[in-house]
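In what follows, a structure is listed as structure tokens, so that the remarks can point back to it.
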Amino acid sequence: MTDVVRDTETGEGWAVGSIEGMGEGPGFRKVRKELGVTAFGVNTVIMPPGYGGGPHFHDRQEELYIVHSGTIEFAFGEDGSETRVLGPGGMTRVDAHTVRRFRNVSESEEAVYICVGGADGYVGRDGREVEGQEARPS
């Protein structure tokens, strides 16, 4: 059996890591820095039970939030009146100027989300097959 990666490792043109390997306790995990991502921003945030972040917005950056574990309530707009609760696998996209806030609705378990942000558009589908190589059988 192959060992599961915990610590960050890098090679020529790639990097791997894990949330657990990027820090301990609640707070931000700077995924972009740890893995050397340069095309967009990406962080993981570990929220303690009952924690709620303050409202914020961005000047340019659209964001995608992906709930990894736990249950998080997202509130949208200056008054926070539009709310949605998302569990593991739930996602929300937020325009740069839209005020957003979120909170871990559990009083006993941590919640973890991944936030990806960027500006200036989609690159498009630019993947290409490697000539002469086939997919690996599972």
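We name chains A, B, ... following the order of the structure tokens; residues begin at 1 in each chain, and ligands are numbered from 1 as shown.
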Legend entry - Shell of 12 Å around A:Ser69, only C-alpha atoms, local chain residues under 2 positions omitted, as a ChimeraX atom specification: /A:19,44-48,66-67,71-72,86-91,104-106,109-114
Inset, instruction - Among the residues of stretch 56-108 of chain A, find those DSSP assigns to strand (DSSP E) from the backbone and print them as an MDAnalysis selection string. - result: chainID A and resid 62:69 72:76 82:86 91:94 100:104
Please write the residues from the selection above to a file, keeping N, CA and C atoms, as a CSV table (one decimal), in the first residue's frame.
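Dumped everything to again-v9.csv:
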```csv
chain,number,residue,atom,x,y,z
A,62,GLU,N,-13.4,37.4,-7.4
A,62,GLU,CA,-14.5,36.5,-7.2
A,62,GLU,C,-14.0,35.2,-6.4
A,63,GLU,N,-14.9,34.7,-5.6
A,63,GLU,CA,-14.5,33.6,-4.7
A,63,GLU,C,-15.4,32.4,-4.8
A,64,LEU,N,-14.8,31.2,-4.7
A,64,LEU,CA,-15.6,30.0,-4.6
A,64,LEU,C,-15.2,29.3,-3.3
A,65,TYR,N,-16.3,29.1,-2.5
A,65,TYR,CA,-16.1,28.4,-1.2
A,65,TYR,C,-16.6,27.0,-1.3
A,66,ILE,N,-15.8,26.0,-0.8
A,66,ILE,CA,-16.1,24.6,-0.9
A,66,ILE,C,-16.1,24.1,0.6
A,67,VAL,N,-17.2,23.6,1.1
A,67,VAL,CA,-17.2,23.0,2.4
A,67,VAL,C,-16.6,21.6,2.4
A,68,HIS,N,-15.5,21.5,3.1
A,68,HIS,CA,-14.8,20.2,3.2
A,68,HIS,C,-15.4,19.3,4.3
A,69,SER,N,-15.7,19.9,5.5
A,69,SER,CA,-16.3,19.2,6.6
A,69,SER,C,-17.1,20.1,7.5
A,72,ILE,N,-21.7,24.9,7.5
A,72,ILE,CA,-21.4,26.3,7.6
A,72,ILE,C,-22.6,27.1,7.0
A,73,GLU,N,-23.0,28.2,7.7
A,73,GLU,CA,-24.0,29.1,7.2
A,73,GLU,C,-23.3,30.2,6.5
A,74,PHE,N,-23.7,30.5,5.2
A,74,PHE,CA,-23.2,31.6,4.5
A,74,PHE,C,-24.3,32.6,4.4
A,75,ALA,N,-24.0,33.9,4.7
A,75,ALA,CA,-24.9,35.0,4.6
A,75,ALA,C,-24.4,36.0,3.6
A,76,PHE,N,-25.3,36.5,2.7
A,76,PHE,CA,-25.0,37.3,1.6
A,76,PHE,C,-25.7,38.7,1.7
A,82,GLU,N,-29.9,37.1,3.2
A,82,GLU,CA,-29.9,35.9,2.3
A,82,GLU,C,-28.9,34.9,2.9
A,83,THR,N,-29.4,33.8,3.5
A,83,THR,CA,-28.6,32.8,4.1
A,83,THR,C,-28.8,31.4,3.5
A,84,ARG,N,-27.7,30.6,3.5
A,84,ARG,CA,-27.8,29.2,3.0
A,84,ARG,C,-26.8,28.4,3.9
A,85,VAL,N,-27.3,27.2,4.3
A,85,VAL,CA,-26.5,26.3,5.1
A,85,VAL,C,-25.9,25.2,4.2
A,86,LEU,N,-24.6,25.0,4.2
A,86,LEU,CA,-24.0,24.0,3.4
A,86,LEU,C,-23.2,23.0,4.2
A,91,MET,N,-21.0,24.0,-2.1
A,91,MET,CA,-20.2,25.1,-2.7
A,91,MET,C,-21.0,26.4,-2.9
A,92,THR,N,-20.4,27.5,-2.8
A,92,THR,CA,-21.0,28.8,-3.2
A,92,THR,C,-20.0,29.7,-3.9
A,93,ARG,N,-20.4,30.4,-4.9
A,93,ARG,CA,-19.6,31.3,-5.6
A,93,ARG,C,-20.1,32.7,-5.2
A,94,VAL,N,-19.2,33.6,-5.0
A,94,VAL,CA,-19.6,35.0,-4.6
A,94,VAL,C,-18.8,36.0,-5.4
A,100,ARG,N,-20.2,39.1,2.2
A,100,ARG,CA,-20.4,37.8,2.6
A,100,ARG,C,-19.9,37.6,4.0
A,101,ARG,N,-20.5,36.7,4.8
A,101,ARG,CA,-20.0,36.3,6.1
A,101,ARG,C,-20.4,34.8,6.3
A,102,PHE,N,-19.7,34.1,7.2
A,102,PHE,CA,-20.1,32.7,7.4
A,102,PHE,C,-19.8,32.4,8.8
A,103,ARG,N,-20.5,31.3,9.2
A,103,ARG,CA,-20.3,30.8,10.6
A,103,ARG,C,-20.5,29.3,10.6
A,104,ASN,N,-19.7,28.7,11.5
A,104,ASN,CA,-19.8,27.3,11.8
A,104,ASN,C,-21.1,27.1,12.7
```
Inset, instruction - Please return as a ChimeraX atom specification: the residues of chain A that backbone DSSP assigns to helix (DSSP H, G or I). - result: /A:20-22,31-35
